[in-house]
Amino acid sequence: MNLSNLLDNVSRYYTNRIREHGATHWGVDWNSNESQDLRFKQLLRVCVPDTTGTIGDFGCGYGALFDYLTRQNYPWDYRGFDISSAMIDTAAGLHGTAAKAQFSTSEAILSGCDYVVASGVFNVKQDIRLSEWEEYYWHTIDRLARLATRGFAFNALTSYSDPDRMRADLYYPDPCIAFDRCKRLYSRHVALLHDYGLYEFTILVRF
């Protein structure tokens, strides 16, 4: 896998999205604000209730998760990372004065966060070979595990999607394989969520 070329491809895709649609759900390739919030709700189930700390957002886009945390009164500090400088510029412009938020194009900003979450970063494969994208998928999950100190969570489209709705430019991994791998490699405390009405799944891993 040529990770640098793959990430350049991903960065160009999302840079074009944010430039075309701005800080909206379309700008990060989601169908609606409601589905975006539903994903955030599932991912944040990884956090231990009634505690505080730092949440890292891997592939943060324009910082929609920070907006969600603010609306839900989460008492957490927030760190956002994205490989698209256009996304980070937009996020910083929207949230740059917020004391609890930081944004960067460097993954290092997430190191040592209590929890790290990733929403939608595996979906848009484009024309990248499946074997390369799968390598990126497992590599990134391993990065999430290494960056977080208390747990991590991610979502992905599901291989259980209706065949007639599946697209060649998107990636549909098997949720059972993801669960098994996370259980074997990272923690005994792993949950698979596949019951919230979208053609996707969420994995929660607590250390």
# chains A, B, ... in the order shown; residues from 1 in each chain; ligands from 1
$ select_by_dssp --residues "range 2-186 of chain A" --states "helix (DSSP H, G or I)" --output "compact mmCIF listing (two decimals) with C-alpha atoms, in the first residue's frame"
# COMPACT_ATOMS: atom_id res chain seq x y z
CA LEU A 3 -0.34 5.23 2.08
CA SER A 4 0.82 8.69 1.02
CA ASN A 5 -0.85 8.45 -2.39
CA LEU A 6 -4.01 6.97 -0.89
CA LEU A 7 -4.31 9.78 1.66
CA ASP A 8 -3.65 12.40 -1.01
CA ASN A 9 -6.56 10.93 -2.96
CA VAL A 10 -8.82 11.05 0.10
CA SER A 11 -7.73 14.59 0.94
CA ARG A 12 -8.52 15.83 -2.57
CA TYR A 13 -11.96 14.24 -2.46
CA TYR A 14 -12.99 15.87 0.82
CA THR A 15 -11.34 19.17 -0.02
CA ASN A 16 -13.53 19.32 -3.12
CA ARG A 17 -16.61 18.47 -1.03
CA ILE A 18 -16.06 21.22 1.53
CA ARG A 19 -15.27 23.77 -1.16
CA GLU A 20 -18.41 22.87 -3.06
CA HIS A 21 -20.86 22.56 -0.17
CA HIS A 25 -23.52 17.60 6.03
CA TRP A 26 -23.04 17.54 2.24
CA GLY A 27 -19.57 19.01 2.77
CA VAL A 28 -18.54 15.82 4.57
CA ASN A 33 -27.88 16.39 9.69
CA GLU A 34 -30.12 13.85 11.40
CA SER A 35 -28.09 10.85 10.20
CA GLN A 36 -24.87 12.64 11.11
CA ASP A 37 -26.10 13.22 14.67
CA LEU A 38 -27.30 9.62 14.92
CA ARG A 39 -23.78 8.44 14.08
CA PHE A 40 -22.29 10.73 16.71
CA LYS A 41 -24.70 9.35 19.30
CA GLN A 42 -23.56 5.78 18.59
CA LEU A 43 -19.84 6.63 18.60
CA LEU A 44 -20.04 8.49 21.89
CA ARG A 45 -21.46 5.43 23.61
CA VAL A 46 -17.81 4.42 23.96
CA ALA A 64 -19.57 18.90 13.44
CA LEU A 65 -18.86 16.53 16.33
CA PHE A 66 -17.75 19.47 18.46
CA ASP A 67 -21.05 21.19 17.70
CA TYR A 68 -22.89 18.03 18.73
CA LEU A 69 -20.92 17.78 21.99
CA THR A 70 -21.75 21.40 22.75
CA ARG A 71 -25.47 20.91 22.09
CA SER A 85 -6.21 21.51 5.24
CA ALA A 86 -9.38 23.02 3.75
CA MET A 87 -11.43 21.11 6.33
CA ILE A 88 -9.20 22.28 9.17
CA ASP A 89 -9.28 25.88 7.95
CA THR A 90 -13.07 25.73 7.90
CA ALA A 91 -13.23 24.12 11.35
CA ALA A 92 -10.83 26.67 12.84
CA GLY A 93 -12.83 29.49 11.29
CA LEU A 94 -16.02 28.20 12.86
CA HIS A 95 -14.67 27.15 16.26
CA GLU A 107 -2.44 13.29 13.78
CA ALA A 108 -0.24 13.98 16.81
CA ILE A 109 -2.93 16.27 18.24
CA LEU A 110 -4.92 13.12 19.13
CA LEU A 130 -9.95 -3.05 -2.64
CA SER A 131 -6.81 -4.72 -1.24
CA GLU A 132 -5.17 -1.34 -0.68
CA TRP A 133 -8.26 0.13 0.94
CA GLU A 134 -8.58 -2.84 3.27
CA GLU A 135 -4.97 -2.39 4.32
CA TYR A 136 -5.69 1.28 5.03
CA TYR A 137 -8.80 0.24 7.00
CA TRP A 138 -6.90 -2.05 9.37
CA HIS A 139 -3.94 0.34 9.58
CA THR A 140 -6.22 3.19 10.63
CA ILE A 141 -8.07 1.12 13.23
CA ASP A 142 -4.70 0.26 14.72
CA ARG A 143 -3.83 3.97 14.80
CA LEU A 144 -7.05 4.73 16.68
CA ALA A 145 -6.15 2.10 19.25
CA ARG A 146 -2.66 3.52 19.75
CA LEU A 147 -3.78 7.14 20.02
CA PRO A 163 -26.83 -5.69 -2.86
CA ASP A 164 -28.78 -3.46 -5.22
CA ARG A 165 -27.86 -0.40 -3.13
CA PRO A 175 -18.78 -6.09 10.85
CA CYS A 176 -18.21 -9.57 12.31
CA ILE A 177 -14.59 -9.57 11.16
CA ALA A 178 -14.07 -6.10 12.62
CA PHE A 179 -15.55 -7.19 15.95
CA ASP A 180 -13.42 -10.33 16.07
CA ARG A 181 -10.20 -8.49 15.23
CA CYS A 182 -10.79 -5.76 17.80
CA LYS A 183 -11.67 -8.36 20.42
CA ARG A 184 -8.50 -10.34 19.73
CA LEU A 185 -6.06 -7.44 19.37
$ select_by_dssp --residues "chain A" --states "strand (DSSP E or B)" --output "PyMOL selection string"
chain A and resi 53-58+76-81+101-104+113-118+124+148-157+170+189-193+200-206
$ write_last_selection --atoms "N, CA and C atoms" --output "compact mmCIF listing (two decimals), in the first residue's frame"
# COMPACT_ATOMS: atom_id res chain seq x y z
N GLY A 53 -12.90 14.36 30.24
CA GLY A 53 -11.64 14.03 29.61
C GLY A 53 -11.56 14.70 28.25
N THR A 54 -10.86 14.05 27.33
CA THR A 54 -10.64 14.60 26.01
C THR A 54 -11.08 13.61 24.95
N ILE A 55 -11.86 14.09 24.00
CA ILE A 55 -12.30 13.29 22.86
C ILE A 55 -11.52 13.72 21.63
N GLY A 56 -10.91 12.76 20.96
CA GLY A 56 -10.22 13.02 19.71
C GLY A 56 -11.10 12.61 18.53
N ASP A 57 -11.15 13.45 17.53
CA ASP A 57 -12.00 13.23 16.36
C ASP A 57 -11.10 13.00 15.15
N PHE A 58 -10.97 11.75 14.74
CA PHE A 58 -10.09 11.34 13.64
C PHE A 58 -10.86 11.49 12.33
N TRP A 76 -16.52 17.68 27.86
CA TRP A 76 -15.27 17.13 27.35
C TRP A 76 -14.50 18.16 26.54
N ASP A 77 -13.19 18.11 26.64
CA ASP A 77 -12.35 18.84 25.69
C ASP A 77 -12.34 18.07 24.38
N TYR A 78 -12.06 18.79 23.30
CA TYR A 78 -12.17 18.21 21.96
C TYR A 78 -10.90 18.50 21.17
N ARG A 79 -10.42 17.48 20.46
CA ARG A 79 -9.28 17.63 19.55
C ARG A 79 -9.69 17.05 18.19
N GLY A 80 -9.56 17.87 17.14
CA GLY A 80 -9.94 17.43 15.82
C GLY A 80 -8.76 17.34 14.87
N PHE A 81 -8.69 16.23 14.16
CA PHE A 81 -7.63 16.02 13.16
C PHE A 81 -8.27 15.70 11.82
N ALA A 101 -11.82 23.50 22.18
CA ALA A 101 -11.59 22.85 20.88
C ALA A 101 -10.24 23.23 20.29
N GLN A 102 -9.58 22.24 19.70
CA GLN A 102 -8.35 22.45 18.93
C GLN A 102 -8.44 21.63 17.66
N PHE A 103 -7.84 22.15 16.57
CA PHE A 103 -7.87 21.48 15.28
C PHE A 103 -6.49 21.47 14.66
N SER A 104 -6.18 20.38 13.93
CA SER A 104 -4.86 20.28 13.32
C SER A 104 -4.89 19.30 12.16
N CYS A 113 -5.42 11.26 23.87
CA CYS A 113 -6.82 11.55 24.15
C CYS A 113 -7.44 10.36 24.89
N ASP A 114 -8.38 10.64 25.76
CA ASP A 114 -9.05 9.56 26.47
C ASP A 114 -9.76 8.63 25.48
N TYR A 115 -10.54 9.22 24.59
CA TYR A 115 -11.24 8.45 23.57
C TYR A 115 -10.97 9.07 22.20
N VAL A 116 -10.86 8.22 21.21
CA VAL A 116 -10.72 8.68 19.83
C VAL A 116 -11.81 8.02 19.00
N VAL A 117 -12.52 8.82 18.22
CA VAL A 117 -13.61 8.30 17.38
C VAL A 117 -13.36 8.68 15.93
N ALA A 118 -13.88 7.88 15.02
CA ALA A 118 -13.73 8.13 13.59
C ALA A 118 -15.06 7.85 12.91
N VAL A 124 -15.54 6.09 1.55
CA VAL A 124 -15.39 6.50 0.15
C VAL A 124 -14.07 5.97 -0.41
N ALA A 148 -5.55 6.45 21.55
CA ALA A 148 -6.46 6.59 22.68
C ALA A 148 -5.91 5.93 23.94
N THR A 149 -6.33 6.42 25.10
CA THR A 149 -5.90 5.82 26.37
C THR A 149 -7.02 5.05 27.06
N ARG A 150 -8.29 5.37 26.75
CA ARG A 150 -9.41 4.70 27.42
C ARG A 150 -10.32 3.93 26.46
N GLY A 151 -10.25 4.26 25.20
CA GLY A 151 -11.08 3.54 24.25
C GLY A 151 -11.19 4.27 22.93
N PHE A 152 -11.73 3.56 21.93
CA PHE A 152 -11.93 4.18 20.62
C PHE A 152 -13.18 3.60 19.98
N ALA A 153 -13.67 4.30 18.96
CA ALA A 153 -14.87 3.86 18.25
C ALA A 153 -14.78 4.31 16.80
N PHE A 154 -15.39 3.52 15.92
CA PHE A 154 -15.43 3.88 14.51
C PHE A 154 -16.68 3.29 13.88
N ASN A 155 -17.06 3.84 12.75
CA ASN A 155 -18.17 3.28 12.00
C ASN A 155 -17.74 2.98 10.57
N ALA A 156 -18.55 2.19 9.88
CA ALA A 156 -18.28 1.83 8.49
C ALA A 156 -19.57 1.34 7.86
N LEU A 157 -19.64 1.44 6.56
CA LEU A 157 -20.75 0.82 5.85
C LEU A 157 -20.68 -0.69 6.06
N LEU A 170 -17.65 2.67 -2.98
CA LEU A 170 -17.74 2.68 -1.52
C LEU A 170 -17.24 1.35 -0.96
N HIS A 189 -13.34 -5.76 25.99
CA HIS A 189 -14.55 -4.95 26.09
C HIS A 189 -14.85 -4.30 24.74
N VAL A 190 -15.54 -5.03 23.89
CA VAL A 190 -15.85 -4.59 22.54
C VAL A 190 -17.35 -4.75 22.30
N ALA A 191 -17.96 -3.74 21.68
CA ALA A 191 -19.39 -3.81 21.34
C ALA A 191 -19.56 -3.54 19.85
N LEU A 192 -20.47 -4.27 19.24
CA LEU A 192 -20.85 -4.07 17.85
C LEU A 192 -22.29 -3.56 17.81
N LEU A 193 -22.48 -2.37 17.27
CA LEU A 193 -23.81 -1.77 17.14
C LEU A 193 -24.24 -1.84 15.68
N GLU A 200 -24.98 0.60 8.05
CA GLU A 200 -23.62 0.69 8.59
C GLU A 200 -23.58 0.04 9.97
N PHE A 201 -22.40 0.01 10.55
CA PHE A 201 -22.23 -0.49 11.90
C PHE A 201 -21.24 0.41 12.64
N THR A 202 -21.26 0.30 13.95
CA THR A 202 -20.31 1.02 14.81
C THR A 202 -19.66 0.03 15.75
N ILE A 203 -18.37 0.14 15.90
CA ILE A 203 -17.61 -0.67 16.85
C ILE A 203 -17.14 0.22 17.99
N LEU A 204 -17.37 -0.23 19.23
CA LEU A 204 -16.88 0.45 20.43
C LEU A 204 -15.85 -0.43 21.11
N VAL A 205 -14.71 0.13 21.45
CA VAL A 205 -13.66 -0.61 22.14
C VAL A 205 -13.24 0.19 23.38
N ARG A 206 -13.38 -0.44 24.55
CA ARG A 206 -12.97 0.19 25.80
C ARG A 206 -11.80 -0.59 26.38
$ atom_distance --atom1 "CA of Thr158 in chain A" --atom2 "CA of Pro49 in chain A"
27.5 Å
$ atom_distance --atom1 "CA of Asp174 in chain A" --atom2 "CA of Thr24 in chain A"
29.1 Å
$ atom_distance --atom1 "CA of Thr52 in chain A" --atom2 "CA of Pro75 in chain A"
5.9 Å
$ closest_residue --among "A:Gly112, A:Gly63, A:Gly120, A:Gly22" --to "Ala98 in chain A" --atoms "only C-alpha atoms"
A:Gly63
